[in-house]
Structure formats: C-alpha cells, structure tokens
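> Have a look at this one before I ask anything.
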There are 2 protein chains.
Amino acid sequence: MRAIDVIAKKRDGGELSRAEIDFMVKGYTSNEVADYQMSALLMAIYVRGMSTRETIWLTEAMLFSGEVVDFAGLGKPRVDKHSTGGVGDKTSLVLAPVVAAAGVLVPMISGRSLGHSGGTLDKLESIPGFRTNLSLAEFRAALKDIGVALIGQTSEIAPADRKLYALRDVTATVACPALMAASIMSKKMAEGISGLVLDVKVGSGAFLKTEPEATGLARLMIEIAGSLGKRAVALITDMNQPLGRTIGNSLEVIEALEALKGRGPDDFIELCRTLAAEMFVLAEEVEDSLSGRALYDKMIVSGRAMDKMIEIIVAQGGDPGVSEDYTLFPTAGHTRPVQAAESGFLQSVDAEALGRASMVLGAGRERLDSPIDPSVGMRIEARIGDSVSKGATLATLHFNDSARANEAATVAQMAFSVGPEAAVPPRLVKSMLR
Amino acid sequence: MRAIDVIAKKRDGGELSRAEIDFMVKGYTSNEVADYQMSALLMAIYVRGMSTRETIWLTEAMLFSGEVVDFAGLGKPRVDKHSTGGVGDKTSLVLAPVVAAAGVLVPMISGRSLGHSGGTLDKLESIPGFRTNLSLAEFRAALKDIGVALIGQTSEIAPADRKLYALRDVTATVACPALMAASIMSKKMAEGISGLVLDVKVGSGAFLKTEPEATGLARLMIEIAGSLGKRAVALITDMNQPLGRTIGNSLEVIEALEALKGRGPDDFIELCRTLAAEMFVLAEEVEDSLSGRALYDKMIVSGRAMDKMIEIIVAQGGDPGVSEDYTLFPTAGHTRPVQAAESGFLQSVDAEALGRASMVLGAGRERLDSPIDPSVGMRIEARIGDSVSKGATLATLHFNDSARANEAATVAQMAFSVGPEAAVPPRLVKSMLR
C-alpha cells in the first residue's frame with residue numbers, strides 16, 4: 001500500500017477501506033507517512049467528507065493507537081460528559097462531583113483552552129496546587145479511592161489523535177464533522193466508560209454554527225459509540241452567548257463552586273441539571289430524566305456534591321480552602337466596564353468574539369504553548385433579550401495589562417449588538433438524541 | 001497574513017488574491033510556510049480549482065521566485081516547444097536543430113523522465129559525453145554561439161516550482177490543470193523566449209485522458225502566456241499509442257537522428273513537421289503553417305538540420321560520431337518479442353502501460369533519484385488499426401536483466417488489445433488553439 005494512492009482515492013471522493021485508514025493512521029503515528037502527506041489527506045477528507053463507516057474505522061484506528069483503560073473490574077457504571085467546546089462552559093466542574101457523589105464512577109479526561117474556547121484543565125489549575133497531569137496509574141487509583149478524577153490526555157491515550165489534532169490545527173482542517181467525531185470519540189472510548197453524554201454546542205460561540213451541522217455531528221458520535229458497544233446520548237445546546245456569567249479560569253471555577261452550593265445563573269444551573277440527569281440515566285442510577293434531575297438537586301442540597309468536590313481537590317493536590325475562601329484564587333489587579341453605546345434590547349452576542357477577547361486578556365491561548373493568566377477574564381452582565389440603557393455595563397473585564405484590556409474592550413464592545421426591537425432569548429436545550 | 005487563513009479560504013472554494021498567492025509561494029520557497037501547510041493548500045486547489053486570474057498570479061509568483069533570462073539583446077526571435085509529456089515523444093531532439101538551423105534562436109529548458117513518461121535530458125545523456133547541466137552563463141553563451149541549447153532546469157530558474165513539483169509528486173496533486181499550467185509556464189516564461197508552441201498530449205499515454213481536459217489546459221496556458229506578453233499556440237495531439245516506433249533513451253535518440261536524415265515513421269515525422277511549422281510562424285520566419293512545413297523539409301533535405309544537431313552535440317560535450325555510427329550508443333545485451341495471442345486488428349494500446357514497462361526495464365525512473373539504463377527500451381511493431389496474426393511481434397523488448405524483462409513483457413502484453421473488428425487509427429493532431 002502507498003500513501004499517495006490512499007490520498008488520491010479520497011481526493012477523488014472514494015470511500016477508504018479499513019485497511020487503508022489503518023495504514024495511514026499507523027504510518028503517521030510511527031512517522032512512516034510524512035506530515036505533508038497526512039495534511040493532504042486531511043484536506044481531502046475535509047472537502048470530500050467521510051462515510052459513517054469510514055469515520056468509525058478512523059476512530060478505532062486512533063483509539064487503538066494507544067492504551068485503552070479498562071475499569072470494568074470496578075463493577076460499577078462509569079459515565080462521562082463531553083462538550084464540543086464553547087465560551088464560559090464550566091459544567092464539567094459541577095458534573096464530575098455531583099455524579100460521583102451519587103456513587104457513579106466518573107473517569108474524566110479533559111482538554112485545554114485553544115483559541116476562543118476554554119479548557120477544563122486550565123480552569124482546574126487556577127486552584128492553587130491542583131494537578132491535572134496524573135499518570136494512568138494515578139488516574140486508576142483515584143477512580144478506585146474516590147470514584148472520580150479529572151485529568152488531561154496522557155501520552156498513552158490515543159497518541160494518533162494528539163499528533164493529528166496538532167496538524168489539523170495548523171492546516172485549516174479542524175471544523176470537519178468526521179475528523180471532530182473521530183478525535184473526540186477516540187479519546188472518550190479510551191477512558192474505560194460504559195456511557196457518555198455529549199453536549200454538542202451550536203451558535204456564535206461554538207465550532208458549529210447551525211443546528212443541522214450539530215445534529216449531524218451528534219448522530220455520528222452516537223453511532224461510533226454504539227459500534228464500540230457503548231451507550232451515548234447527545235444534547236444540542238445553545239452557545240449563542242457565554243454559558244453562565246463568567247469567562248476566565250478563576251472566575252469560572254468560583255461560579256462552579258457557587259453552583260455546587262446551589263447558587264448561580266439559571267442557564268448554567270439548568271444545563272448542569274439536564275446533563276447530570278442524563279448521566280444518571282446512562283449509569284442506570286435512575287429510570288428517567290425527571291428522577292435524574294431530582295437526584296441532582298438532592299446531591300446539591302445535601303452538600304454531598306460539594307464534599308466530593310473537596311475530595312477531588314485534595315486527591316489532586318489542590319488547596320481545599322478555595323471552596324470557602326475565594327480570595328485564595330489568583331485575582332486580577334483591575335476591572336473596567338464595557339458599556340452599551342445606545343439604549344434598546346440586547347439582540348445578539350458574538351460569543352466567539354467574547355472568548356477571543358478573554359484570550360487577548362490572557363485567559364486562553366492562541367497556540368498550544370502560550371502561557372495563560374488564571375486571574376483574568378470577564379463577567380457578563382447582559383443576556384440576549386435584556387433591556388439595556390445607554391451606558392449600562394454589558395460586561396466587566398478583569399485584567400492585569402491595560403494594553404491588552406484596551407484591545408479586549410474593543411473586541412468585546414463589538415460583540416454585543418443592541419437594537420430597538422424586543423429580542424427573544426435563545427432556547428438553552430434545542431434537542432436530544434439517543 | 002496567516003497561512004491557515006489562506007488555506008481555509010481555498011478550502012471553502014474562495015478565490016485567492018494576488019497578495020495571498022504571493023505570500024504562500026514566497027513563504028514556502030523561504031521555508032516560512034511549512035510543507036504540510038503547502039500540501040493542504042495544494043489539495044484544496046486540486047479539489048476546488050483555481051480561476052484563470054489565480055492561475056496567472058500563481059505562475060507569476062513562481063516565475064519571479066527565480067531568475068528570468070533576457071535574450072532580447074540578441075535581436076532575434078526566440079521560440080521553444082513544450083510537451084505535457086507522453087511515451088516515445090522525442091520531437092524536441094528534432095525540433096531544436098531544425099528550427100535553429102533556420103536562424104531562429106531555441107533556448108530549450110527540458111525535464112527528466114518520471115513515471116511512465118520520458119524526459120529529453122535523459123535521452124540526450126545517452127549520447128556519450130553529452131552534458132545537460134549547463135549553468136545559466138553557459139546557456140547564454142551557447143545561444144549566442146550556435147543559436148540553440150538544450151538544458152535542465154537550473155537552481156536559478158523558478159525555484160518555487162522545483163520545490164512545489166517535488167511536493168505535488170508525493171501528495172497526489174500532480175494532475176491538476178491550474179497547478180500543471182503554472183508549473184509549465186513558470187519555467188517556460190523564464191527562458192527568455194518570445195513565443196511558445198505547446199504540444200498538449202491526450203490519450204492513454206498522457207496525463208490528461210480526454211480532449212476537453214487537454215483543451216482546457218491548453219487555453220489556460222495560452223492565456224498565461226498572453227498575460228505575460230508572450231505569444232503561444234497549442235496543438236492537441238494524440239497519445240493513444242507511443243509516438244514513433246521506439247521507447248527508451250538510446251533507441252529514441254537514434255530514431256530522432258534518423259528523422260533528421262529524412263527517414264522514420266510517418267506519425268513522428270508529421271508531428272515534428274507540424275510543430276516546427278508553428279515555431280517558424282511564431283518566430284515570423286514564415287507567414288503561414290504551409291510555408292513553415294516547407295521550411296522544415298528544406299532544413300532536413302539540405303542537411304542543415306543534421307549539421308546543427310552535430311553543432312549542439314559538440315557544444316554540449318557529446319561525441320558527434322554518434323550521428324553516423326549508432327554502435328557508439330549504449331546497447332542492450334538482449335532482445336525478445338512480445339507476441340500477439342490471437343489474430344485480428346489492433347484495437348487500442350495502453351501507452352501508459354508501455355511507458356511503465358520501459359521504466360521496469362530501466363529506461364525510466366519511479367523516483368527522481370532512481371538510476372536509469374540508457375540502452376534498454378522497446379521497439380513498437382504494431383499500430384492501432386494494423387491487422388495482426390497470432391504470434392506476430394507486437395513489440396521487441398531491449399533489455400539487460402531478464403527478471404525485469406519478464407515483468408515488462410507481462411505488462412506490455414496486456415497493453416495491446418487485439419479484436420476481430422476493423423479499427424480506425426487515431427487522428428494525430430486533434431485541434432489547434434491560438
């Protein structure tokens with residue numbers, strides 16, 4: 001088999017065989033297929049697409065490029081949640097302790113911030129001392145001890161995905177459903193889970209901008225999970241404005257701790273409750289979503305979710321004092337408002353631009369090796385549909401560098417669109433697929 | 001400007017600006033744009049295509065990546081011919097001396113064999129001592145002294161093309177009209193010519209298999225030449241069987257020397273006469289094609305073409321004795337026939353397969369660094385439409401390695417298709433575009 005023939009086949013719109021996909025993924029992982037050949041293939045896949053079959057084969061080739069964790073011996077259901085990425089999405093920080101508090105195992109492998117979207121690992125690391133780079137052995141030990149761990153992709157997990165993701169990032173081949181699905185699922189299927197809840201974001205702050213695209217990706221991921229003998233459900237949820245009221249690492253962890261105490265913005269709490277309910281259903285902890293929602297509330301009100309969060313923080317080396325004393329978090333030196341230029345109703349928000357403005361402040365990274373500042377970010381004061389007066393604060397920037405703050409303020413200002421017509425807030429959960 | 005944004009624009013079918021194309025070509029030539037980014041762009045161009053405007057800008061960016069020779073000071077018209085590549089095409093070896101013999105300057109930069117197609121440089125190097133790697137200074141001197149030189153692409157000529165061609169060759173992005181046109185024209189426009197005759201091959205042994213594709217490429221190249229102030233004409237010519245009766249380096253040079261003596265197969269002589277006539281017209285040496293054909297015959301019959309060929313051989317270090325004594329050429333140790341398995345008419349020939357069979361014998365190269373054997377190849381004994389009897393010789397292989405000969409014989413055998421119906425020989429010149 002020759003790489004060039006596989007590339008030519010996909011270039012001309014053909015369907016690749018399992019052997020051809022294996023050959024390319026293995027060859028690329030072992031450096032026998034050159035990066036310039038793989039990038040030509042990725043572009044051909046981006047433009048020509050992949051069948052469901054091809055996508056499943058690609059996922060399996062990437063999954064079996066590394067180690068697959070097996071937690072079946074623990075004898076309990078193991079569920080995780082994965083979000084396709086958005087702005088202000090800190091649900092993992094609430095879901096992991098809530099679901100684990102009910103006795104369900106949660107082996108969660110998360111990502112880092114890239115571009116406009118945040119990353120769970122970066123958020124957690126704003127807790128002083130918190131370690132996310134556990135080895136697979138430490139990951140297994142934590143699951144056994146406290147039933148939950150939040151870690152980063154280790155070198156043993158889907159190495160082909162790490163290499164492919166880095167290449168896609170610099171060759172304009174990220175936003176491709178088949179490649180996105182295979183990347184996500186190759187990591188998630190390696191975690192040793194029995195069920196997966198997918199939060200597929202759609203809107204101005206998501207990678208996918210339309211519901212049909214999001215639904216297509218969701219269906220594809222559910223099919224892949226099924227073909228590997230795992231149960232998955234997907235919720236298509238709104239990302240036309242940041243989730244909750246905060247963007248930025250310390251700010252988002254504080255918002256998540258508040259949610260664990262039963263406080264916080266409706267949209268964020270509601271999404272946590274909805275996703276947790278589906279995780280409970282998949283784990284067969286409850287019979288239906290309604291009972292799952294009740295179990296979520298029980299874990300919050302009883303304080304068991306917060307207790308589990310403190311266990312997680314302690315187990316991963318963090319300072320548990322943060323749960324009561326938010327001043328232990330890195331805090332930005334300055335704040336400044338972004339104000340409405342006219343009166344009216346908030347029509348729409350460019351959530352991606354707000355994510356990018358936060359990145360400019362230092363909360364995110366443009367490249368995988370950029371340093372980040374855990375203290376900076378912004379608080380969102382206005383939601384779509386709100387009536388705002390000229391001069392009202394739309395967002396409050398938290399910053400340390402005033403040049404960056406000027407740039408971020410300009411970007412953020414333009415992200416809010418105010419007009420005279422009444423505007424309807426977007427529906428949070430668009431649909432659910434099983 | 002960022003490479004990834006240019007890639008994304010072409011990926012989505014957009015038209016690139018001149019600045020974007022310049023940025024990518026300059027960046028790639030200077031190693032600031034990575035090869036994996038350029039290969040993603042090449043694949044996007046292959047699948048999405050390029051407008052004529054974009055192709056002209058790409059040609060100019062590649063042309064001006066290197067030195068552009070200026071022969072205007074010599075005060076004479078300067079013409080060249082370029083073929084898109086086929087099997088058994090040795091016309092350059094006849095055209096260069098014929099046209100130069102009439103006082104027209106012929107600055108000819110040629111290529112090497114790759115895959116199934118032969119290369120003028122490899123053919124010339126079967127003449128003992130013949131050097132094709134002249135420097136630009138030697139090229140200029142030869143033009144001044146004898147009015148003609150046949151050389152390879154130097155490092156000063158279109159370096160972007162050399163790098164891009166090598167990348168296209170390993171990323172399945174060769175057979176793309178815009179990329180082919182830009183590659184050919186960036187080299188030809190650097191030669192210092194005033195006019196160019198394009199021989200666009202179509203058929204089983206050509207890169208383009210259909211007349212519409214060939215016509216499209218021809219029109220594109222004529223437009224590019226026009227935009228750079230050069231006159232060009234294109235002939236769409238048949239490549240459904242090898243041109244002439246020989247494939248292989250020594251064998252083809254001998255056939256060309258025979259043609260310079262007025263002998264040889266009709267199709268080959270006719271194509272040389274047709275192409276030479278258009279070169280004479282472009283050089284304003286004659287008023288029309290008919291007079292150009294007469295001038296071709298005059299150069300042959302008078303012996304002036306052969307005299308010029310001897311001048312070329314001497315100027316480039318070769319042994320001029322080859323013109324009379326063909327035993328001075330490297331000669332293969334053995335021959336064997338490829339025979340018809342049944343009686344009937346020769347219906348069709350897979351000329352690409354015959355080119356590949358010659359490559360297997362050692363006449364061509366699979367990779368740019370493969371060594372070649374100048375002595376091997378084959379003589380074609382049957383033409384499309386010929387009546388053949390079972391056991392008749394279709395081709396005679398000239399070889400040195402019998403294992404290779406077995407493989408080549410199997411490939412060659414299958415390349416000839418004999419059937420009971422009468423078959424019409426293909427028309428040699430399909431059309432002409434100005």
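Please note that chains go A, B, ... in the order of the structure tokens, that every chain numbers its residues from 1, and that ligands are numbered from 1 in the order shown.
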May I ask you to extract the residues of chain A within 6 Å of chain B, using only C-alpha atoms, and to give them as a ChimeraX atom specification?
/A:4,8,35-37,39-40,43,171-172
> Near A:Met378, counting only C-alpha atoms, which residues have an atom at most 12 Å away, once you skip same-chain residues fewer than 6 positions from it, shown as a PDB file with C-alpha atoms, in the first residue's frame?

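Dumped to out.pdb:
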ATOM      1  CA  VAL A  87     -17.368  30.018  25.866  1.00  0.00           C
ATOM      2  CA  GLY A  88     -17.922  30.067  29.642  1.00  0.00           C
ATOM      3  CA  PRO A 242     -21.497  32.597  27.004  1.00  0.00           C
ATOM      4  CA  GLY A 244     -23.330  31.461  32.889  1.00  0.00           C
ATOM      5  CA  ARG A 245     -21.926  34.866  33.765  1.00  0.00           C
ATOM      6  CA  THR A 246     -18.172  34.361  33.715  1.00  0.00           C
ATOM      7  CA  ILE A 247     -15.356  33.707  31.229  1.00  0.00           C
ATOM      8  CA  GLY A 248     -11.826  33.098  32.534  1.00  0.00           C
ATOM      9  CA  ASN A 249     -10.269  30.449  34.709  1.00  0.00           C
ATOM     10  CA  SER A 250     -10.511  31.595  38.365  1.00  0.00           C
ATOM     11  CA  LEU A 251     -13.819  33.350  37.659  1.00  0.00           C
ATOM     12  CA  GLU A 252     -15.335  30.209  36.167  1.00  0.00           C
ATOM     13  CA  THR A 331      -7.209  37.653  41.243  1.00  0.00           C
ATOM     14  CA  ALA A 332      -6.793  40.261  38.502  1.00  0.00           C
ATOM     15  CA  HIS A 334      -8.024  45.800  37.687  1.00  0.00           C
ATOM     16  CA  THR A 335     -11.532  45.815  36.325  1.00  0.00           C
ATOM     17  CA  ARG A 336     -13.241  48.039  33.767  1.00  0.00           C
ATOM     18  CA  PRO A 337     -16.706  48.067  32.266  1.00  0.00           C
ATOM     19  CA  VAL A 338     -17.745  47.555  28.654  1.00  0.00           C
ATOM     20  CA  LEU A 354     -16.027  37.367  23.754  1.00  0.00           C
ATOM     21  CA  GLY A 355     -13.982  34.182  24.027  1.00  0.00           C
ATOM     22  CA  ARG A 356     -11.322  35.789  21.865  1.00  0.00           C
ATOM     23  CA  ALA A 357     -11.411  38.972  23.971  1.00  0.00           C
ATOM     24  CA  SER A 358     -10.783  36.829  27.063  1.00  0.00           C
ATOM     25  CA  MET A 359      -7.922  35.134  25.255  1.00  0.00           C
ATOM     26  CA  VAL A 360      -6.474  38.575  24.481  1.00  0.00           C
ATOM     27  CA  LEU A 361      -6.632  39.375  28.224  1.00  0.00           C
ATOM     28  CA  GLY A 362      -4.592  36.188  28.824  1.00  0.00           C
ATOM     29  CA  ALA A 363      -7.307  33.717  29.851  1.00  0.00           C
ATOM     30  CA  THR A 393     -22.471  47.796  31.813  1.00  0.00           C
ATOM     31  CA  LEU A 394     -22.629  44.891  29.354  1.00  0.00           C
ATOM     32  CA  ALA A 395     -19.546  43.149  30.709  1.00  0.00           C
ATOM     33  CA  THR A 396     -16.802  43.769  33.247  1.00  0.00           C
ATOM     34  CA  LEU A 397     -13.255  42.991  32.181  1.00  0.00           C
ATOM     35  CA  HIS A 398     -10.840  41.611  34.812  1.00  0.00           C
ATOM     36  CA  PHE A 399      -7.314  42.360  33.643  1.00  0.00           C
ATOM     37  CA  ALA A 405      -7.549  45.396  28.139  1.00  0.00           C
ATOM     38  CA  ALA A 408     -10.154  43.211  24.505  1.00  0.00           C
ATOM     39  CA  ALA A 409     -12.610  46.046  25.266  1.00  0.00           C
ATOM     40  CA  ALA A 412     -15.992  42.838  23.425  1.00  0.00           C
TER      41      ALA A 412
END
> Name the residues in contact with A:Gly27 at a cut-off of 12 Å, using only C-alpha atoms, excluding same-chain residues fewer than 2 positions from it; report them as JSON, numbers by chain.
{"A": [1, 2, 3, 19, 20, 21, 22, 23, 24, 25, 29, 30, 31, 32, 33, 34, 35, 37, 38, 61, 62, 65, 160, 163, 164]}
> Show me, as a PyMOL selection string, the residues that have an atom within 7 Å of B:Ser113 when counting only C-alpha atoms, minus same-chain residues fewer than 6 positions from it.
chain B and resi 119+122+364-365
> Write the selection just made, keeping N, CA, C and O atoms, as a compact mmCIF listing (two decimals), in the first residue's frame?

# COMPACT_ATOMS: atom_id res chain seq x y z
N GLY B 119 11.99 11.71 -20.65
CA GLY B 119 12.50 13.07 -20.46
C GLY B 119 13.61 13.35 -21.45
O GLY B 119 14.50 12.51 -21.65
N ASP B 122 17.29 12.91 -20.23
CA ASP B 122 17.78 11.52 -20.14
C ASP B 122 18.11 10.98 -21.52
O ASP B 122 19.09 10.25 -21.70
N GLY B 364 13.27 4.33 -17.50
CA GLY B 364 12.75 5.50 -16.79
C GLY B 364 12.96 5.34 -15.31
O GLY B 364 13.60 4.39 -14.85
N ARG B 365 12.40 6.28 -14.54
CA ARG B 365 12.60 6.22 -13.09
C ARG B 365 11.29 6.40 -12.37
O ARG B 365 10.44 7.17 -12.79
> List every residue of stretch 70-284 of chain A that DSSP, applied to the backbone of this structure, places in strand (DSSP E), and write the result as number ranges by chain.
A: 79-83, 106-110, 148-152, 195-202, 231-238, 246-247
> What does the distance between atom CA of A:Val106 and atom CA of A:Glu284 come to in Å, to one decimal place?
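Distance between the two atoms: 13.8 Å.
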> What's the separation between atom CA of A:Asn133 and atom CA of A:Glu156, in Å to one decimal place?
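That distance, rounded to one decimal, is 12.3 Å.
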> Would you list, as a PyMOL selection string, the residues of stretch 111-337 of chain B that end up in helix (DSSP H, G or I) under DSSP run on this structure's backbone?
chain B and resi 120-124+136-146+159-170+177-188+211-227+249-260+266-282+289-301+304-315+320-323+326-328
> Put those residues in a file: C-alpha atoms, as a short mmCIF file (atom, residue, chain, number, x, y, z; two decimals), in the first residue's frame.

data_model
loop_
_atom_site.label_atom_id
_atom_site.label_comp_id
_atom_site.auth_asym_id
_atom_site.auth_seq_id
_atom_site.Cartn_x
_atom_site.Cartn_y
_atom_site.Cartn_z
CA THR B 120 14.52 14.91 -23.09
CA LEU B 121 17.51 15.28 -20.75
CA ASP B 122 17.78 11.52 -20.14
CA LYS B 123 17.54 10.85 -23.86
CA LEU B 124 20.32 13.35 -24.68
CA LEU B 136 22.87 29.89 -16.99
CA ALA B 137 26.10 31.53 -18.21
CA GLU B 138 26.90 28.53 -20.44
CA PHE B 139 23.28 28.53 -21.64
CA ARG B 140 23.59 32.19 -22.66
CA ALA B 141 26.93 31.53 -24.39
CA ALA B 142 25.55 28.59 -26.39
CA LEU B 143 22.58 30.67 -27.53
CA LYS B 144 24.93 33.38 -28.76
CA ASP B 145 27.35 30.96 -30.45
CA ILE B 146 25.12 28.41 -32.15
CA PRO B 159 12.97 27.51 -7.55
CA ALA B 160 9.40 27.62 -6.19
CA ASP B 161 8.37 25.26 -8.99
CA ARG B 162 11.10 22.75 -8.19
CA LYS B 163 10.01 22.61 -4.56
CA LEU B 164 6.29 22.54 -5.37
CA TYR B 165 6.71 19.88 -8.04
CA ALA B 166 8.51 17.56 -5.62
CA LEU B 167 5.72 18.07 -3.05
CA ARG B 168 2.91 17.52 -5.60
CA ASP B 169 4.59 14.31 -6.70
CA VAL B 170 4.18 12.73 -3.22
CA PRO B 177 -4.86 21.86 -14.65
CA ALA B 178 -4.09 25.06 -12.70
CA LEU B 179 -1.04 23.56 -11.00
CA MET B 180 0.20 21.94 -14.24
CA ALA B 181 -0.22 25.17 -16.19
CA ALA B 182 1.55 27.28 -13.55
CA SER B 183 4.40 24.77 -13.27
CA ILE B 184 4.99 24.56 -17.03
CA MET B 185 4.57 28.25 -17.74
CA SER B 186 6.68 29.49 -14.80
CA LYS B 187 9.64 27.60 -16.28
CA LYS B 188 8.96 28.44 -19.93
CA GLU B 211 -9.88 16.20 -25.20
CA PRO B 212 -11.92 18.64 -23.10
CA GLU B 213 -9.35 18.42 -20.29
CA ALA B 214 -6.49 18.89 -22.75
CA THR B 215 -8.23 21.83 -24.43
CA GLY B 216 -8.87 23.45 -21.03
CA LEU B 217 -5.21 23.16 -20.06
CA ALA B 218 -4.13 24.49 -23.47
CA ARG B 219 -6.40 27.55 -23.23
CA LEU B 220 -5.15 28.26 -19.72
CA MET B 221 -1.51 28.16 -20.80
CA ILE B 222 -2.20 30.41 -23.81
CA GLU B 223 -3.91 32.93 -21.51
CA ILE B 224 -0.99 32.86 -19.09
CA ALA B 225 1.50 33.44 -21.93
CA GLY B 226 -0.63 36.33 -23.22
CA SER B 227 -0.81 37.95 -19.79
CA ASN B 249 16.78 6.62 -24.38
CA SER B 250 19.38 5.40 -26.93
CA LEU B 251 16.63 3.97 -29.14
CA GLU B 252 14.77 7.27 -29.22
CA VAL B 253 17.85 9.36 -29.99
CA ILE B 254 18.66 7.04 -32.89
CA GLU B 255 15.07 7.45 -34.17
CA ALA B 256 15.46 11.25 -33.90
CA LEU B 257 18.78 11.17 -35.79
CA GLU B 258 17.05 9.13 -38.49
CA ALA B 259 14.33 11.77 -38.71
CA LEU B 260 16.99 14.44 -39.13
CA ASP B 266 5.09 8.86 -40.58
CA ASP B 267 3.42 9.90 -37.29
CA PHE B 268 6.64 11.07 -35.72
CA ILE B 269 7.86 12.93 -38.83
CA GLU B 270 4.43 14.50 -39.30
CA LEU B 271 4.28 15.79 -35.73
CA CYS B 272 7.80 17.21 -35.96
CA ARG B 273 6.89 18.98 -39.22
CA THR B 274 3.64 20.36 -37.75
CA LEU B 275 5.24 21.64 -34.55
CA ALA B 276 8.27 23.09 -36.36
CA ALA B 277 5.97 24.92 -38.77
CA GLU B 278 4.20 26.66 -35.85
CA MET B 279 7.56 27.54 -34.28
CA PHE B 280 8.60 29.16 -37.58
CA VAL B 281 5.30 31.08 -37.73
CA LEU B 282 5.70 32.36 -34.15
CA SER B 289 1.94 26.92 -41.46
CA LEU B 290 2.24 25.68 -45.02
CA SER B 291 5.40 27.69 -45.63
CA GLY B 292 6.62 26.53 -42.21
CA ARG B 293 6.22 22.89 -43.27
CA ALA B 294 8.19 23.59 -46.46
CA LEU B 295 10.94 25.25 -44.43
CA TYR B 296 11.10 22.15 -42.19
CA ASP B 297 11.58 19.94 -45.25
CA LYS B 298 14.24 22.30 -46.63
CA MET B 299 16.25 22.14 -43.40
CA ILE B 300 16.11 18.32 -43.48
CA VAL B 301 16.83 17.78 -47.17
CA ARG B 304 21.41 21.86 -42.35
CA ALA B 305 19.31 20.38 -39.52
CA MET B 306 21.73 17.49 -39.05
CA ASP B 307 24.69 19.90 -39.21
CA LYS B 308 23.06 21.93 -36.42
CA MET B 309 22.49 18.76 -34.38
CA ILE B 310 26.20 17.98 -34.65
CA GLU B 311 26.98 21.55 -33.51
CA ILE B 312 24.71 21.04 -30.48
CA ILE B 313 26.36 17.72 -29.59
CA VAL B 314 29.83 19.23 -29.86
CA ALA B 315 28.86 22.39 -27.92
CA PRO B 320 29.41 13.79 -32.71
CA GLY B 321 30.37 10.41 -34.17
CA VAL B 322 27.00 9.05 -32.97
CA SER B 323 25.30 10.75 -35.92
CA TYR B 326 24.87 4.18 -33.83
CA THR B 327 27.05 1.49 -32.21
CA LEU B 328 28.56 4.30 -30.13
#
> Neighbouring residues of B:Arg53 were defined as those with any atom within 9 Å, considering only C-alpha atoms; residues of the same chain fewer than 3 positions away were excluded. Please report them as a PyMOL selection string.
chain B and resi 15+17-18+50+56-58+224
> So that I have them on file, write out the residues from the current selection with N, CA and C atoms, as a compact mmCIF listing (two decimals), in the first residue's frame.

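Below is the file that was written, out-v4.txt:
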# COMPACT_ATOMS: atom_id res chain seq x y z
N GLU B 15 -11.79 32.60 -3.99
CA GLU B 15 -10.74 32.98 -4.94
C GLU B 15 -9.64 33.71 -4.16
N SER B 17 -6.40 36.11 -3.51
CA SER B 17 -5.90 37.35 -4.09
C SER B 17 -4.45 37.15 -4.53
N ARG B 18 -3.97 38.10 -5.34
CA ARG B 18 -2.57 38.03 -5.76
C ARG B 18 -1.65 38.06 -4.53
N MET B 50 -8.88 26.61 -9.52
CA MET B 50 -8.40 27.99 -9.47
C MET B 50 -8.98 28.71 -10.67
N ILE B 56 -2.82 32.71 -13.23
CA ILE B 56 -1.82 33.66 -13.74
C ILE B 56 -0.98 34.20 -12.58
N TRP B 57 -1.65 34.55 -11.47
CA TRP B 57 -0.90 35.08 -10.31
C TRP B 57 0.04 34.02 -9.75
N LEU B 58 -0.42 32.76 -9.73
CA LEU B 58 0.42 31.68 -9.23
C LEU B 58 1.64 31.50 -10.13
N ILE B 224 -2.11 32.48 -19.96
CA ILE B 224 -0.99 32.86 -19.09
C ILE B 224 0.11 33.51 -19.92
> Report the distance between atom CA of B:Ile45 and atom CA of B:Thr84 in Å, rounded to one decimal place.
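Between atom CA of B:Ile45 and atom CA of B:Thr84 the gap works out to 19.9 Å.
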